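A short worksheet on the structure shown next.
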Amino acid sequence: MTHADGMPEATLSSDVAASGAGTDESHFLAYLYRLRLIERWSLMRNTLRESAAEHSFNVALLTHALCTIAREVFGKDVDTDKAVTLAIFHDATEVITGDIPTPVKHHNPAILASLREIEALASDRLLGMVPATLRATYAPLIAPNGASSDPAYAPLVPYVKAADKLDAYLKCVAELAAGNREFAVARRQIEAPLRASQMPEVQYFLDHFAPSFERTLDEIAE
């Protein structure tokens with residue numbers, strides 16, 4: 001269940017019930033499945049609504065593409081499997097916090113700092129649901145800055161962040177292609193830093209893959 005504002009009904013204070021304390025039951029994966037109920041772009045008029053679960057899949061797909069480009073085109077030694085795993089979990093805490101629109105999140109430093117604290121609490125809560133024997137595996141994927149501080153994952157963080165930004169850009173492209181100008185400014189704001197990115201993989205993606213997202217089904221089926 002969610003409130004009218006889209007935020008999950010459960011609160012951060014209900015840790016014991018959520019973790020299945022006193023039993024062998026873990027609610028961790030059941031919670032993550034509810035990412036499909038978390039709606040993104042809630043302040044925007046959408047032609048096609050998108051859930052956090054769909055976004056996570058898209059980011060994983062794009063991360064795989066960027067890492068494959070890095071390996072096969074630019075000869076880099078990138079662990080694609082680990083990067084994709086990191087991408088799958090990159091927004092896991094949103095099952096508790098909901099998706100916070102970027103204009104709200106970055107309105108001022110105080111709001112951003114408060115939201116970072118909330119995300120840390122949500123991360124602790126999710127990890128608290130994981131059986132102790134599995135927690136070390138999931139901690140780098142969910143804990144705030146867990147990946148950045150883990151030598152195995154730290155080099156992969158830029159790929160996931162780039163994929164996250166690319167997915168937002170492609171969402172804007174798709175909405176504009178459908179005639180929805182609600183996303184016109186967002187597209188310009190997101191596209192500019194992508195074009196200026198120092199990652200050659202991003203430029204390769206924008207040149208070779210991104211244009212197709214503006215085509216109709218008939219056009220890409222030719």
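How things are named: the first chain in the structure tokens is A, the next is B, and so on; residues count from 1 in each chain; ligands count from 1 in the order shown.
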Give me the residues within 9 Å of A:Val157 as a PDB file with N, CA and C atoms, in the first residue's frame, counting only C-alpha atoms and dropping any in the same chain fewer than 6 places off.
```
ATOM      1  N   ALA A  83      29.180  -4.657 -12.625  1.00  0.00           N
ATOM      2  CA  ALA A  83      28.563  -3.363 -12.897  1.00  0.00           C
ATOM      3  C   ALA A  83      27.046  -3.504 -13.057  1.00  0.00           C
ATOM      4  N   LEU A  86      25.420  -4.017  -9.711  1.00  0.00           N
ATOM      5  CA  LEU A  86      25.337  -2.738  -9.002  1.00  0.00           C
ATOM      6  C   LEU A  86      24.178  -1.898  -9.542  1.00  0.00           C
ATOM      7  N   ALA A  87      23.988  -1.929 -10.843  1.00  0.00           N
ATOM      8  CA  ALA A  87      22.911  -1.155 -11.458  1.00  0.00           C
ATOM      9  C   ALA A  87      21.534  -1.645 -11.013  1.00  0.00           C
ATOM     10  N   ALA A 147      29.393   1.046  -2.573  1.00  0.00           N
ATOM     11  CA  ALA A 147      30.120   0.665  -3.775  1.00  0.00           C
ATOM     12  C   ALA A 147      31.379   1.507  -3.952  1.00  0.00           C
ATOM     13  N   SER A 148      31.270   2.801  -3.646  1.00  0.00           N
ATOM     14  CA  SER A 148      32.408   3.701  -3.844  1.00  0.00           C
ATOM     15  C   SER A 148      33.577   3.347  -2.939  1.00  0.00           C
TER      16      SER A 148
END
```
Just want the 12 Å neighbourhood of A:Asp24, counted on only C-alpha atoms, with same-chain residues fewer than 6 positions away dropped. Output as a count of residues only. 4
If we count only C-alpha atoms and set the cut-off at 6 Å, which residues sit around stretch 32-46 of chain A, ignoring sequence neighbours fewer than 5 positions away in its own chain? Please answer as a PDB file with C-alpha atoms, in the first residue's frame.
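The result, stored in around.pdb:
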```
ATOM      1  CA  SER A  51       8.130   2.485 -12.152  1.00  0.00           C
ATOM      2  CA  ALA A  52      11.377   2.295 -10.201  1.00  0.00           C
ATOM      3  CA  ALA A  53      11.603  -1.395 -11.145  1.00  0.00           C
ATOM      4  CA  VAL A  95      11.109   1.121  -2.076  1.00  0.00           C
ATOM      5  CA  ASP A  99      11.275   8.458  -5.801  1.00  0.00           C
TER       6      ASP A  99
END
```
Name all residues at most 10 Å from A:Leu176 (count only C-alpha atoms; drop same-chain ones fewer than 5 positions away) and give them as an MDAnalysis selection string. chainID A and resid 47 170:171 181:184 187 214
So, counting only C-alpha atoms, which residue among A:Ala60, A:Ala178, A:Leu166, A:Ala30 is closest to A:Ala192? A:Leu166
Would you please work out which residue, of A:Val78, A:Ile96, A:Ile88, A:Leu126, is nearest to A:His27 when using only C-alpha atoms?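 Looking at the shortest contact to A:His27, the residue is A:Leu126.
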Quick one: pull the distance between atom CA of A:Val84 and atom CA of A:Ala136, Å, one decimal.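 For atom CA of A:Val84 relative to atom CA of A:Ala136, the distance reads 18.0 Å.
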Using only C-alpha atoms, which protein or nucleic acid residues come within 12 Å of A:Asn145? Drop anything in the same chain fewer than 2 positions from it, and give the result as a ChimeraX atom specification. /A:86,90,116,119-120,123,139-143,147-151,153-154,157
Length of the atom CA of A:Arg215 to atom CA of A:Ala177 vector [Å]: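 About the pair atom CA of A:Arg215 and atom CA of A:Ala177: they are 7.8 Å apart.
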Backbone-only DSSP, alpha helix (DSSP H) members of stretch 138-185 of chain A, as number ranges by chain: A: 138-142, 157-177, 184-185
How about saving the chosen residues, C-alpha atoms kept, as a PDB file, in the first residue's frame?
```
ATOM      1  CA  TYR A 138      24.420  -6.969  -0.406  1.00  0.00           C
ATOM      2  CA  ALA A 139      26.058  -4.247   1.691  1.00  0.00           C
ATOM      3  CA  PRO A 140      28.174  -2.751  -1.132  1.00  0.00           C
ATOM      4  CA  LEU A 141      25.111  -2.734  -3.387  1.00  0.00           C
ATOM      5  CA  ILE A 142      22.746  -0.945  -1.004  1.00  0.00           C
ATOM      6  CA  VAL A 157      30.248   3.420 -10.191  1.00  0.00           C
ATOM      7  CA  PRO A 158      30.800   5.905 -13.074  1.00  0.00           C
ATOM      8  CA  TYR A 159      29.255   3.436 -15.509  1.00  0.00           C
ATOM      9  CA  VAL A 160      26.119   3.052 -13.412  1.00  0.00           C
ATOM     10  CA  LYS A 161      25.825   6.807 -12.879  1.00  0.00           C
ATOM     11  CA  ALA A 162      26.224   7.401 -16.614  1.00  0.00           C
ATOM     12  CA  ALA A 163      23.601   4.747 -17.383  1.00  0.00           C
ATOM     13  CA  ASP A 164      21.249   6.340 -14.845  1.00  0.00           C
ATOM     14  CA  LYS A 165      21.629   9.707 -16.566  1.00  0.00           C
ATOM     15  CA  LEU A 166      21.227   8.139 -20.001  1.00  0.00           C
ATOM     16  CA  ASP A 167      17.975   6.490 -18.979  1.00  0.00           C
ATOM     17  CA  ALA A 168      16.602   9.837 -17.832  1.00  0.00           C
ATOM     18  CA  TYR A 169      17.673  11.348 -21.162  1.00  0.00           C
ATOM     19  CA  LEU A 170      16.010   8.550 -23.140  1.00  0.00           C
ATOM     20  CA  LYS A 171      12.820   8.994 -21.125  1.00  0.00           C
ATOM     21  CA  CYS A 172      12.775  12.655 -22.201  1.00  0.00           C
ATOM     22  CA  VAL A 173      13.462  11.684 -25.805  1.00  0.00           C
ATOM     23  CA  ALA A 174      10.582   9.184 -25.794  1.00  0.00           C
ATOM     24  CA  GLU A 175       8.151  11.681 -24.256  1.00  0.00           C
ATOM     25  CA  LEU A 176       9.074  14.377 -26.765  1.00  0.00           C
ATOM     26  CA  ALA A 177       8.747  11.894 -29.631  1.00  0.00           C
ATOM     27  CA  ALA A 184      11.625  19.638 -23.370  1.00  0.00           C
ATOM     28  CA  VAL A 185      13.596  21.556 -20.745  1.00  0.00           C
TER      29      VAL A 185
END
```
One-decimal distance in Å that lies between atom CA of A:Thr216 and atom CA of A:Met199: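 Taking atom CA of A:Met199 and atom CA of A:Thr216, their separation equals 28.6 Å.
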